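*Asks:* My structure file data_17.cif, mmCIF, C-alpha atoms, is below:
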```cif
data_coords
#
loop_
_atom_site.label_atom_id
_atom_site.label_comp_id
_atom_site.auth_asym_id
_atom_site.auth_seq_id
_atom_site.Cartn_x
_atom_site.Cartn_y
_atom_site.Cartn_z
CA MET A 37 0.00 0.00 0.00
CA ALA A 38 2.76 2.44 1.06
CA SER A 39 4.78 1.31 -1.96
CA ASN A 40 1.78 1.91 -4.24
CA GLN A 41 1.37 5.42 -2.83
CA SER A 42 5.05 6.14 -3.30
CA THR A 43 4.92 4.89 -6.93
CA LEU A 44 1.83 7.05 -7.49
CA ARG A 45 3.65 10.07 -6.04
CA GLU A 46 6.65 9.36 -8.29
CA LEU A 47 4.36 9.06 -11.32
CA LEU A 48 2.55 12.29 -10.52
CA ALA A 49 5.91 14.00 -10.18
CA ASN A 50 6.97 12.62 -13.57
CA GLU A 51 6.73 15.44 -16.13
CA ASP A 52 5.87 13.04 -18.98
CA VAL A 53 2.88 11.61 -17.12
CA ARG A 54 1.74 15.08 -16.05
CA SER A 55 2.18 16.57 -19.48
CA ILE A 56 0.16 13.86 -21.27
CA SER A 57 -2.55 13.91 -18.57
CA ARG A 58 -2.73 17.71 -18.75
CA ARG A 59 -3.23 17.65 -22.52
CA TYR A 60 -6.07 15.12 -22.33
CA PHE A 61 -7.66 16.91 -19.36
CA ILE A 62 -7.66 20.31 -21.03
CA SER A 63 -8.50 19.12 -24.55
CA ASN A 64 -11.46 17.04 -23.36
CA GLY A 65 -12.40 19.66 -20.77
CA PHE A 66 -12.63 22.13 -23.63
CA ASP A 67 -14.90 19.76 -25.58
CA GLY A 68 -17.10 19.22 -22.54
CA THR A 69 -17.44 22.90 -21.65
CA LEU A 70 -18.29 23.98 -25.19
CA THR A 71 -20.76 21.10 -25.60
CA SER A 72 -22.43 22.08 -22.34
CA ILE A 73 -22.66 25.74 -23.38
CA GLY A 74 -24.11 24.65 -26.74
CA ILE A 75 -26.72 22.43 -25.08
CA ILE A 76 -27.88 24.95 -22.48
CA VAL A 77 -28.13 27.85 -24.94
CA GLY A 78 -29.82 25.64 -27.56
CA SER A 79 -32.25 24.18 -25.02
CA PHE A 80 -33.16 27.60 -23.67
CA LEU A 81 -33.73 29.00 -27.14
CA GLY A 82 -35.73 25.91 -28.10
CA GLY A 83 -38.17 26.79 -25.29
CA ASN A 84 -40.57 24.51 -23.40
CA GLN A 85 -37.70 22.96 -21.48
CA ALA A 86 -37.81 22.60 -17.70
CA ALA A 87 -34.55 23.23 -15.82
CA MET A 88 -34.31 19.59 -14.78
CA ASP A 89 -34.80 18.46 -18.39
CA ILE A 90 -31.75 20.52 -19.39
CA VAL A 91 -29.82 19.06 -16.46
CA ARG A 92 -30.76 15.52 -17.59
CA ILE A 93 -29.70 16.18 -21.19
CA VAL A 94 -26.32 17.59 -20.10
CA ALA A 95 -25.84 14.75 -17.57
CA GLY A 96 -26.48 12.22 -20.35
CA GLY A 97 -23.96 13.99 -22.54
CA THR A 98 -21.47 13.98 -19.67
CA VAL A 99 -21.66 10.21 -19.39
CA GLY A 100 -21.01 9.90 -23.12
CA LEU A 101 -18.10 12.35 -23.23
CA ALA A 102 -16.48 11.06 -20.03
CA ALA A 103 -16.74 7.45 -21.23
CA SER A 104 -15.31 8.47 -24.59
CA GLY A 105 -12.46 10.34 -22.85
CA VAL A 106 -11.55 7.42 -20.61
CA TRP A 107 -12.00 4.67 -23.17
CA SER A 108 -10.22 6.33 -26.09
CA VAL A 109 -7.21 7.36 -23.99
CA TRP A 110 -7.07 3.92 -22.39
CA GLU A 111 -6.75 2.37 -25.86
CA ILE A 112 -4.48 5.10 -27.30
CA GLU A 113 -2.08 4.92 -24.37
CA ARG A 114 -2.11 1.13 -24.37
CA ALA A 115 -0.84 1.19 -27.96
CA GLU A 116 1.59 4.09 -27.42
CA LYS A 117 3.10 2.71 -24.24
CA LEU A 118 3.36 -0.79 -25.67
CA ALA A 119 5.20 0.66 -28.68
CA GLU A 120 7.56 2.56 -26.33
CA LEU A 121 8.18 -0.62 -24.36
CA LYS A 122 8.95 -2.55 -27.56
CA ARG A 123 11.50 0.11 -28.58
CA VAL A 124 13.27 -0.19 -25.21
CA GLU A 125 13.08 -3.99 -25.35
CA ALA A 126 14.75 -3.92 -28.75
CA LYS A 127 17.64 -1.88 -27.29
CA MET A 128 17.83 -4.00 -24.14
CA LEU A 129 17.67 -7.27 -26.11
CA SER A 130 15.39 -8.61 -23.35
CA GLY A 131 11.70 -8.64 -22.42
CA LEU A 132 10.41 -6.11 -19.90
CA GLU A 133 7.11 -7.77 -19.04
CA GLY A 134 6.53 -7.72 -15.28
CA THR A 135 9.30 -5.21 -14.58
CA GLU A 136 9.01 -1.87 -12.78
CA LEU A 137 8.97 -0.10 -16.15
CA HIS A 138 6.05 -2.19 -17.40
CA GLU A 139 4.17 -1.54 -14.15
CA ARG A 140 4.87 2.21 -14.29
CA LYS A 141 3.55 2.45 -17.83
CA GLY A 142 0.37 0.67 -16.78
CA LYS A 143 -0.17 3.06 -13.87
CA ALA A 144 0.65 6.10 -16.03
CA ARG A 145 -2.01 4.92 -18.49
CA LYS A 146 -4.61 4.79 -15.69
CA ILE A 147 -3.74 8.36 -14.63
CA ASN A 148 -3.92 9.58 -18.26
CA ALA A 149 -7.33 7.91 -18.78
CA ALA A 150 -8.73 9.22 -15.46
CA MET A 151 -7.68 12.79 -16.26
CA SER A 152 -9.10 12.46 -19.76
CA GLY A 153 -12.50 11.54 -18.26
CA LEU A 154 -12.33 14.15 -15.50
CA GLY A 155 -11.87 17.08 -17.93
CA PRO A 156 -15.21 16.72 -19.77
CA THR A 157 -17.01 15.78 -16.55
CA ILE A 158 -16.05 19.10 -14.95
CA GLY A 159 -16.55 20.98 -18.21
CA MET A 160 -20.05 19.58 -18.74
CA LEU A 161 -21.36 19.67 -15.17
CA LEU A 162 -20.19 23.03 -13.83
CA PRO A 163 -22.23 25.14 -16.30
CA ILE A 164 -25.47 23.39 -15.26
CA VAL A 165 -25.10 24.15 -11.54
CA PRO A 166 -27.31 27.32 -11.81
CA TYR A 167 -30.21 25.18 -13.10
CA PHE A 168 -30.54 23.68 -9.61
CA PHE A 169 -31.56 27.16 -8.40
CA VAL A 170 -34.25 27.77 -11.02
CA ASP A 171 -37.54 28.73 -9.35
CA VAL A 172 -35.66 29.13 -6.06
CA ALA A 173 -33.42 32.10 -6.78
CA LEU A 174 -33.08 32.27 -10.56
CA SER A 175 -35.20 32.39 -13.70
CA LEU A 176 -34.41 30.01 -16.59
CA LEU A 177 -32.93 32.94 -18.54
CA TRP A 178 -30.57 33.88 -15.70
CA ALA A 179 -29.61 30.25 -15.08
CA THR A 180 -28.64 30.03 -18.76
CA VAL A 181 -26.71 33.32 -18.65
CA LEU A 182 -24.92 32.20 -15.46
CA GLY A 183 -24.25 28.76 -16.97
CA VAL A 184 -22.62 30.35 -20.02
CA MET A 185 -20.59 32.63 -17.74
CA ILE A 186 -19.41 29.66 -15.67
CA GLY A 187 -18.44 27.86 -18.90
CA VAL A 188 -16.59 30.92 -20.18
CA GLY A 189 -14.89 31.23 -16.78
CA LEU A 190 -13.83 27.60 -16.94
CA LEU A 191 -12.42 28.07 -20.45
CA PHE A 192 -10.58 31.12 -19.14
CA VAL A 193 -9.07 29.01 -16.33
CA PHE A 194 -7.95 26.35 -18.85
CA GLY A 195 -6.32 29.01 -21.01
CA ALA A 196 -4.78 30.89 -18.07
CA TYR A 197 -3.34 27.65 -16.73
CA MET A 198 -1.79 26.78 -20.10
CA GLY A 199 -0.48 30.34 -20.38
CA ASN A 200 1.01 30.05 -16.92
CA ILE A 201 2.85 26.78 -17.54
CA SER A 202 4.20 28.04 -20.87
CA GLU A 203 5.23 31.34 -19.25
CA GLN A 204 2.99 33.43 -21.50
CA ASN A 205 0.73 36.23 -20.32
CA TRP A 206 -1.93 34.14 -18.52
CA VAL A 207 -4.62 36.84 -18.78
CA ILE A 208 -4.33 37.04 -22.56
CA ALA A 209 -4.12 33.23 -22.86
CA GLY A 210 -7.24 32.96 -20.66
CA LEU A 211 -9.15 35.59 -22.62
CA ARG A 212 -8.28 33.82 -25.88
CA THR A 213 -9.83 30.55 -24.72
CA GLY A 214 -12.71 32.20 -22.83
CA LEU A 215 -13.77 33.97 -26.01
CA VAL A 216 -14.58 30.62 -27.66
CA GLY A 217 -17.36 30.07 -25.12
CA LEU A 218 -18.99 33.36 -26.07
CA VAL A 219 -18.58 32.56 -29.78
CA VAL A 220 -20.34 29.19 -29.32
CA GLY A 221 -23.17 30.85 -27.39
CA GLY A 222 -23.40 33.57 -30.07
CA ILE A 223 -23.52 31.06 -32.94
CA ASN A 224 -26.36 29.24 -31.17
CA ILE A 225 -28.32 32.49 -30.89
CA VAL A 226 -27.73 33.42 -34.55
CA LEU A 227 -28.51 29.95 -35.93
CA PRO A 228 -31.93 29.79 -37.59
CA GLY A 229 -34.70 28.04 -35.66
CA MET B 277 30.49 -19.82 2.62
CA SER B 278 32.39 -16.52 2.56
CA PRO B 279 30.19 -13.43 2.46
CA ILE B 280 30.41 -11.11 -0.52
CA LYS B 281 31.73 -7.71 0.62
CA ARG B 282 31.78 -5.94 -2.74
CA LEU B 283 30.14 -6.50 -6.08
CA VAL B 284 30.83 -4.38 -9.17
CA LEU B 285 28.35 -4.78 -12.01
CA ASP B 286 28.16 -3.51 -15.55
CA LEU B 287 24.52 -3.25 -16.57
CA LEU B 288 22.10 -1.85 -19.11
CA LYS B 289 18.84 -0.24 -18.02
CA PRO B 290 15.94 1.72 -19.57
CA ASN B 291 16.33 5.52 -19.29
CA GLU B 292 12.93 5.85 -17.72
CA ILE B 293 13.99 4.09 -14.53
CA GLU B 294 16.11 6.70 -12.78
CA ASN B 295 19.65 5.95 -11.54
CA VAL B 296 18.52 7.09 -8.09
CA THR B 297 15.87 4.34 -8.08
CA PHE B 298 18.55 1.75 -8.87
CA ALA B 299 20.88 3.12 -6.16
CA ARG B 300 18.14 3.25 -3.51
CA THR B 301 16.60 -0.13 -4.32
CA LEU B 302 19.98 -1.90 -4.17
CA ALA B 303 21.05 -0.01 -1.03
CA ASP B 304 17.82 -1.14 0.70
CA LEU B 305 18.65 -4.85 0.24
CA ASP B 306 19.61 -6.89 3.32
CA GLY B 307 23.36 -7.09 3.89
CA VAL B 308 24.09 -4.01 1.77
CA ASP B 309 25.69 -0.98 3.44
CA GLY B 310 25.91 1.28 0.41
CA THR B 311 25.87 1.56 -3.35
CA ASN B 312 27.49 3.70 -6.00
CA VAL B 313 25.89 4.14 -9.41
CA SER B 314 28.02 5.65 -12.17
CA LEU B 315 26.78 6.43 -15.66
CA LEU B 316 29.09 5.02 -18.31
CA GLU B 317 27.11 5.67 -21.47
CA SER B 318 23.74 7.13 -22.39
CA ASP B 319 21.61 6.33 -25.42
CA LYS B 320 18.16 7.57 -26.49
CA GLU B 321 16.35 4.69 -24.79
CA VAL B 322 18.90 2.97 -22.52
CA GLN B 323 21.86 3.69 -20.25
CA ASN B 324 24.94 1.71 -19.35
CA LEU B 325 25.79 1.83 -15.63
CA LYS B 326 28.61 0.68 -13.39
CA ILE B 327 27.19 -0.23 -10.00
CA THR B 328 29.33 -0.85 -6.93
CA ILE B 329 27.61 -2.53 -4.01
CA GLU B 330 29.29 -2.94 -0.64
CA GLY B 331 28.09 -4.53 2.58
CA GLU B 332 28.64 -7.12 5.28
CA SER B 333 27.02 -9.84 3.22
CA VAL B 334 25.75 -8.93 -0.24
CA ASP B 335 23.26 -11.50 -1.58
CA GLU B 336 24.06 -11.77 -5.30
CA THR B 337 20.72 -13.46 -6.09
CA ALA B 338 18.77 -10.66 -4.40
CA VAL B 339 20.85 -8.11 -6.32
CA SER B 340 20.24 -9.89 -9.61
CA ASP B 341 16.47 -10.16 -8.89
CA ALA B 342 16.26 -6.47 -7.95
CA VAL B 343 18.07 -5.42 -11.13
CA GLU B 344 15.80 -7.61 -13.25
CA ASN B 345 12.69 -6.32 -11.51
CA LEU B 346 13.73 -2.75 -12.33
CA GLY B 347 14.11 -3.74 -15.97
CA GLY B 348 17.92 -3.86 -16.04
CA THR B 349 20.16 -6.50 -17.58
CA ILE B 350 23.51 -7.42 -16.01
CA HIS B 351 26.16 -7.45 -18.75
CA SER B 352 29.03 -8.60 -16.57
CA VAL B 353 30.17 -8.95 -12.98
CA ASP B 354 33.36 -6.87 -13.10
CA GLU B 355 34.58 -7.35 -9.55
CA VAL B 356 33.73 -9.57 -6.59
CA VAL B 357 35.33 -9.26 -3.16
CA CYS B 358 34.62 -12.02 -0.63
CA GLY B 359 35.87 -12.91 2.84
CA GLU B 360 36.33 -11.28 6.21
CA ARG B 361 37.96 -8.10 4.90
CA LEU B 362 37.93 -5.99 1.73
CA VAL B 363 40.86 -6.91 -0.49
CA GLU B 364 41.75 -4.40 -3.18
CA GLU B 365 42.89 -5.44 -6.64
CA SER B 366 46.70 -5.77 -6.67
CA SER B 367 48.76 -4.32 -9.47
CA THR B 368 50.80 -6.52 -11.76
CA HIS B 369 53.64 -5.82 -14.21
CA GLN B 370 51.13 -5.82 -17.03
CA ASP B 371 49.36 -2.82 -15.42
#
```
Hey, can you dump this file as structure tokens for me?
*Replies:*
Amino acid sequence: MASNQSTLRELLANEDVRSISRRYFISNGFDGTLTSIGIIVGSFLGGNQAAMDIVRIVAGGTVGLAASGVWSVWEIERAEKLAELKRVEAKMLSGLEGTELHERKGKARKINAAMSGLGPTIGMLLPIVPYFFVDVALSLLWATVLGVMIGVGLLFVFGAYMGNISEQNWVIAGLRTGLVGLVVGGINIVLPG
Amino acid sequence: MSPIKRLVLDLLKPNEIENVTFARTLADLDGVDGTNVSLLESDKEVQNLKITIEGESVDETAVSDAVENLGGTIHSVDEVVCGERLVEESSTHQD
């Protein structure tokens, strides 16, 4: 148990594992947030939708996107890490099955897949939080406006974080990604029907 | 049977397993007092190390298992010192 925790700590400290996990988390988080913004704006404009109906639609989408994130990365990383292992085996002239390296790659794959599923889950679910307050403190219109703002805020955080790790101006990086949320909302409003 | 006091190995290991991990794992084995890991050569995927292990009674099987478990391959055993005290290599005319 202690050894597992120490291996997990080592893996989380490993820049390769963090970098790959970060990419999947942010890329899929982006997908999830924009999908959520699209659904809530589209549902509101469509009319005749109760707040809980919108929540159910987004929750259903979350299951799909999270499963896609976990499953696809699980398979992608299985292939990539197996290929890496084969390259090292060819240099070592010996098999590495059952070694520390093999085990580390397996654990790294689990972390990559978990982060890939976590990104869209957060991205999809956070914008629908205001819908739980409809008829208590908010109207459907304000829940939608707040939901879009939460989504835009989340996109800003993704961008600011990437700007920060790449030592760019994090405000500009955040504004660049946050803008996409507004564009998606705007396109939904402009679309006919 | 005389205990092994020093073992010097030449081995190949994947880059991804850090030299520190090798040094710590081998130093934690029973009968080992300390280890020295020196990098001889580095490639894109693998590294060649010289590892010196010293202790009261170094178990060569445990060392070999630990190296294998970490994904290393022992190329050669370059020096073995056994007995009650550490005997250094003596120089000869050919040296």
*Asks:* Residues of chain B within 8 Å of chain A, counting all atoms listed in the file - could you list those as an NGL selection string?
*Replies:* :B and (288-290 or 292-293 or 321-322 or 344-347 or 349)
*Asks:* Using the chain letters and numbers from the file, give me the residues hit by the PyMOL selection byres ((chain B and resi 296) around 12), as JSON, numbers by chain.
*Replies:* {"B": [291, 292, 293, 294, 295, 297, 298, 299, 300, 301, 302, 303, 311, 312, 313, 314, 315, 325, 327, 346]}
*Asks:* State, in Å with one decimal place, the distance from CA of Thr157 (chain A) to CA of Tyr197 (chain A).
*Replies:*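 Distance between the two atoms: 18.1 Å.
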*Asks:* Could you check how far CA of Val353 (chain B) sits from CA of His369 (chain B), in Å to one decimal?
*Replies:* 23.7 Å
*Asks:* Have a look at CA of Met198 (chain A) and CA of Lys146 (chain A) and let me know their distance in Å, one decimal.
*Replies:*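 A separation of 22.6 Å between them.
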*Asks:* Might you spell out which residues the PyMOL selection byres ((chain A and resi 213) around 12) would select in the displayed file, as a CSV table (one decimal) with C-alpha atoms, in the frame of the given file?
*Replies:*
```csv
chain,number,residue,atom,x,y,z
A,62,ILE,CA,-7.7,20.3,-21.0
A,63,SER,CA,-8.5,19.1,-24.6
A,65,GLY,CA,-12.4,19.7,-20.8
A,66,PHE,CA,-12.6,22.1,-23.6
A,67,ASP,CA,-14.9,19.8,-25.6
A,69,THR,CA,-17.4,22.9,-21.6
A,70,LEU,CA,-18.3,24.0,-25.2
A,187,GLY,CA,-18.4,27.9,-18.9
A,188,VAL,CA,-16.6,30.9,-20.2
A,189,GLY,CA,-14.9,31.2,-16.8
A,190,LEU,CA,-13.8,27.6,-16.9
A,191,LEU,CA,-12.4,28.1,-20.4
A,192,PHE,CA,-10.6,31.1,-19.1
A,193,VAL,CA,-9.1,29.0,-16.3
A,194,PHE,CA,-8.0,26.4,-18.8
A,195,GLY,CA,-6.3,29.0,-21.0
A,196,ALA,CA,-4.8,30.9,-18.1
A,197,TYR,CA,-3.3,27.6,-16.7
A,198,MET,CA,-1.8,26.8,-20.1
A,199,GLY,CA,-0.5,30.3,-20.4
A,206,TRP,CA,-1.9,34.1,-18.5
A,207,VAL,CA,-4.6,36.8,-18.8
A,208,ILE,CA,-4.3,37.0,-22.6
A,209,ALA,CA,-4.1,33.2,-22.9
A,210,GLY,CA,-7.2,33.0,-20.7
A,211,LEU,CA,-9.2,35.6,-22.6
A,212,ARG,CA,-8.3,33.8,-25.9
A,214,GLY,CA,-12.7,32.2,-22.8
A,215,LEU,CA,-13.8,34.0,-26.0
A,216,VAL,CA,-14.6,30.6,-27.7
A,217,GLY,CA,-17.4,30.1,-25.1
A,218,LEU,CA,-19.0,33.4,-26.1
A,219,VAL,CA,-18.6,32.6,-29.8
A,220,VAL,CA,-20.3,29.2,-29.3
```
*Asks:* Could you list, as a PyMOL selection string, every residue matched by the PyMOL selection byres ((chain B and resi 334) around 8) in this structure?
*Replies:* chain B and resi 279-283+306-308+329-333+335-336+339
*Asks:* Please provide the set of residues having any atom within 9 Å of Ala144 (chain A), restricted to all atoms listed in the file, with same-chain residues fewer than 5 positions apart removed, written as a ChimeraX atom specification.
*Replies:* /A:44,47-48,53,57,113,139,149
*Asks:* Mind giving me the axis-aligned box for region 356-364 of chain B with 3 Å on every side, centre plus edges in Å to one decimal, as AutoDock Vina command-line options?
*Replies:*
```
--center_x 37.7 --center_y -8.7 --center_z -0.2 --size_x 14.0 --size_y 14.5 --size_z 18.8
```
*Asks:* Taking into account only C-alpha atoms, which residue in the set B:Glu364, B:Asp371, B:Glu317, B:Asp341 is nearest to Asp286 (chain B)?
*Replies:*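 Going through B:Glu364, B:Asp371, B:Glu317, B:Asp341 one by one, the smallest distance to Asp286 (chain B) is for B:Glu317.
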